[in-house]
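Down below is the structure, laid out as structure tokens.
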Amino acid sequence: MEAAIRRVLSRGQFILGPEVARFEEEFARFCRVSHGVGLASGTDALELALRGLKIGPGDLVATVSFTFLSTADAIRKVGAQPLFVDIDPATYTMDPAHLELLLKRMPASRRRRIRALLPVHLYGHPCDMGALGRIARREGWPVVEDCAQAHGAEWGSKRVGGFGQIGCFSFYPTKNLGALGDGGMAVTSSGALADRLRMLRFQGRKGKDLQLFDGLNSRLDELQAAILRVKLPSLDGWTRSRRRLAGLYAEGLRSLPVQLPVEAAGARHVYHLFCIQATRREDLRKWLARRGIGTGIHYAIPVHRQPLYRSGESRPLPLPVTERVSRRILSLPLFPEMTAGEVTRVCRAVTEQFSRR
Ligand SMILES: Cc1ncc(COP(=O)(O)O)c(C=O)c1O
């Protein structure tokens, strides 16, 4: 990485130079799509994807409430409104059956306002893109995938980012592929959309002087692209390591009354996070913290319960699975360099806490 940084410094070009162009090609190839557009963050990728598809005021976008805020924020930022669909209780991703129910119960006038589908491949598990893709095609909606947590995850023979019109990635440092700062990318197989996204990241400008769209100043910079190019060849190996460690966790926690992550048939999970569901979560968190084991909660407050989204308009139906999971979910430590011994130590500490209940 130091050599890559020196290469950029000696070239002296820091915005939209050869490192970004090469990384866009390399990452698009990794996702098995034709084009990549490097952006300043995953959040911007989502917003610009929606702008690129001309989603705006008055439109509804079907998504999930059980996600990081950015997913819904992007919809709100373009002037549209999210429509929250419940999640599957096993994979924590958008439940196609709940989406169908929502469509059936909605008045036709409101249903017609749905202009796009924005599923989230949460924790590294791909959504059921077979069922969701069929609904989107039937309804004529474009699909924007939130792939921020799922670099390299697969459903059938395709990688995430390649199912919808646009796939949005984050390179935030803790992501499966992380920069040394913020970064993101929108990938697409449409040359026309890629061209529009390139203008949108450049204040909507075509060339230097003419402004055609309402865009952002949002570029992946040369230093981050050079660093990501060094890391990308290791990504498949890191994913294999995450999957192996997840297997060890599953084995170590199998006899406890906790819900473990699953890998749906046809899916390849990349375990961005290893999340369990446990009752008395706070007791378990404190117990682990006292033993030097850090945990996280993704996410304690679902988006529809955040002050900016409380109006109820975004939630025509109750979201019981989202509500229940947000009270019980707990992320255990997982990173590619973690050792089998460290996983065993965490499993032992969790087991001890349960034996005292
Ligand atoms: C599901 C999800 N969507 C979007 C984002 C936004 O990405 P970024 O932090 O790069 O803006 C993140 C990560 O932070 C995320 O986890």
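Each chain in the structure tokens gets a letter, A, B and so on, in the order shown; residues start at 1 in every chain, and ligands are counted from 1 in the order they appear.
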Can you build me a table of chain A residues sitting at most 10 Å from ligand 1, with the closest atom pair per residue and its distance in Å to one decimal, using only C-alpha atoms and all ligand atoms, sorted by chain and residue number, as CSV?
residue,atom,partner,partner_atom_place_in_ligand_line,distance
A:Leu39,CA,ligand 1,10 (O),9.2
A:Ala40,CA,ligand 1,10 (O),7.6
A:Ser41,CA,ligand 1,10 (O),3.9
A:Gly42,CA,ligand 1,10 (O),3.5
A:Thr43,CA,ligand 1,11 (O),3.6
A:Asp44,CA,ligand 1,11 (O),6.5
A:Ala45,CA,ligand 1,11 (O),7.9
A:Leu46,CA,ligand 1,4 (C),7.4
A:Phe66,CA,ligand 1,1 (C),9.1
A:Thr67,CA,ligand 1,1 (C),5.5
A:Phe68,CA,ligand 1,1 (C),4.9
A:Leu69,CA,ligand 1,3 (N),7.2
A:Ser70,CA,ligand 1,4 (C),4.9
A:Thr71,CA,ligand 1,3 (N),5.2
A:Ala72,CA,ligand 1,3 (N),8.9
A:Asp73,CA,ligand 1,4 (C),9.3
A:Ala74,CA,ligand 1,4 (C),9.0
A:Pro119,CA,ligand 1,1 (C),9.5
A:Val120,CA,ligand 1,1 (C),6.1
A:His121,CA,ligand 1,1 (C),7.3
A:Leu122,CA,ligand 1,1 (C),6.2
A:Tyr123,CA,ligand 1,1 (C),8.0
A:Gly124,CA,ligand 1,1 (C),9.5
A:Glu145,CA,ligand 1,3 (N),9.5
A:Asp146,CA,ligand 1,3 (N),5.8
A:Cys147,CA,ligand 1,1 (C),6.9
A:Ala148,CA,ligand 1,2 (C),4.8
A:Gln149,CA,ligand 1,16 (O),5.4
A:Ala150,CA,ligand 1,1 (C),8.7
A:Cys168,CA,ligand 1,4 (C),8.0
A:Phe169,CA,ligand 1,7 (O),7.1
A:Ser170,CA,ligand 1,10 (O),4.0
A:Phe171,CA,ligand 1,10 (O),5.7
A:Tyr172,CA,ligand 1,10 (O),4.9
A:Pro173,CA,ligand 1,10 (O),8.7
A:Thr174,CA,ligand 1,14 (O),8.7
A:Lys175,CA,ligand 1,13 (C),7.6
A:Gly178,CA,ligand 1,10 (O),9.3
A:Ala179,CA,ligand 1,10 (O),9.9
A:Gly181,CA,ligand 1,10 (O),9.2
A:Asp182,CA,ligand 1,10 (O),6.0
A:Gly183,CA,ligand 1,10 (O),5.8
A:Gly184,CA,ligand 1,10 (O),5.6
A:Met185,CA,ligand 1,10 (O),8.9
A:His272,CA,ligand 1,16 (O),9.5
A:His298,CA,ligand 1,16 (O),9.0
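Contact shell of Phe202 in chain A at 9 Å (only C-alpha atoms; same-chain neighbours under 5 positions omitted): A:Leu197, A:Gly215, A:Leu216, A:Asn217, A:Ser218, A:Arg219.
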Include N, CA and C atoms and write out the residues we just selected as a PDB file, in the first residue's frame.
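Contents of result09.pdb, freshly written:
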ATOM      1  N   LEU A 197     -24.137   8.257 -14.561  1.00  0.00           N
ATOM      2  CA  LEU A 197     -23.550   8.276 -13.213  1.00  0.00           C
ATOM      3  C   LEU A 197     -22.235   9.057 -13.198  1.00  0.00           C
ATOM      4  N   GLY A 215     -26.537  16.936  -9.742  1.00  0.00           N
ATOM      5  CA  GLY A 215     -25.653  15.879  -9.243  1.00  0.00           C
ATOM      6  C   GLY A 215     -25.014  16.212  -7.917  1.00  0.00           C
ATOM      7  N   LEU A 216     -23.893  15.564  -7.647  1.00  0.00           N
ATOM      8  CA  LEU A 216     -23.115  15.795  -6.425  1.00  0.00           C
ATOM      9  C   LEU A 216     -21.655  15.953  -6.833  1.00  0.00           C
ATOM     10  N   ASN A 217     -20.854  16.454  -5.894  1.00  0.00           N
ATOM     11  CA  ASN A 217     -19.410  16.344  -6.067  1.00  0.00           C
ATOM     12  C   ASN A 217     -19.017  15.112  -5.277  1.00  0.00           C
ATOM     13  N   SER A 218     -18.875  13.971  -5.941  1.00  0.00           N
ATOM     14  CA  SER A 218     -18.684  12.711  -5.214  1.00  0.00           C
ATOM     15  C   SER A 218     -17.791  11.776  -6.006  1.00  0.00           C
ATOM     16  N   ARG A 219     -16.489  11.838  -5.712  1.00  0.00           N
ATOM     17  CA  ARG A 219     -15.559  10.973  -6.439  1.00  0.00           C
ATOM     18  C   ARG A 219     -14.769  10.096  -5.477  1.00  0.00           C
TER      19      ARG A 219
END
Just the residues within 9 Å of Gly140 in chain A, please, counting only C-alpha atoms, with nothing from its chain fewer than 3 positions along; format it as an MDAnalysis selection string.
chainID A and resid 115:116 135:137
Prev. selection, N, CA and C atoms, output as an mmCIF file, in the first residue's frame:
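Result written to out05.cif:
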data_model
loop_
_atom_site.group_PDB
_atom_site.id
_atom_site.type_symbol
_atom_site.label_atom_id
_atom_site.label_comp_id
_atom_site.auth_asym_id
_atom_site.auth_seq_id
_atom_site.Cartn_x
_atom_site.Cartn_y
_atom_site.Cartn_z
ATOM 1 N N ARG A 115 -41.788 3.234 -7.755
ATOM 2 C CA ARG A 115 -41.001 3.397 -8.983
ATOM 3 C C ARG A 115 -39.721 2.555 -9.014
ATOM 4 N N ALA A 116 -39.354 1.963 -7.853
ATOM 5 C CA ALA A 116 -38.121 1.162 -7.836
ATOM 6 C C ALA A 116 -38.102 0.252 -6.619
ATOM 7 N N ILE A 135 -40.797 -10.167 -9.157
ATOM 8 C CA ILE A 135 -41.777 -9.128 -8.805
ATOM 9 C C ILE A 135 -41.410 -7.817 -9.518
ATOM 10 N N ALA A 136 -40.120 -7.463 -9.476
ATOM 11 C CA ALA A 136 -39.697 -6.194 -10.086
ATOM 12 C C ALA A 136 -39.976 -6.192 -11.594
ATOM 13 N N ARG A 137 -39.717 -7.325 -12.249
ATOM 14 C CA ARG A 137 -39.964 -7.392 -13.709
ATOM 15 C C ARG A 137 -41.448 -7.265 -14.005
#
Nearest to Lys104 in chain A, chosen from A:Gly296, A:Pro89, A:Pro316, A:Gly12, with only C-alpha atoms counted in the distances
A:Pro316
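Distances to Val230 in chain A were evaluated for A:Trp141, A:Phe27, A:Phe84, A:Tyr249 using only C-alpha atoms, and the minimum falls at A:Phe27.
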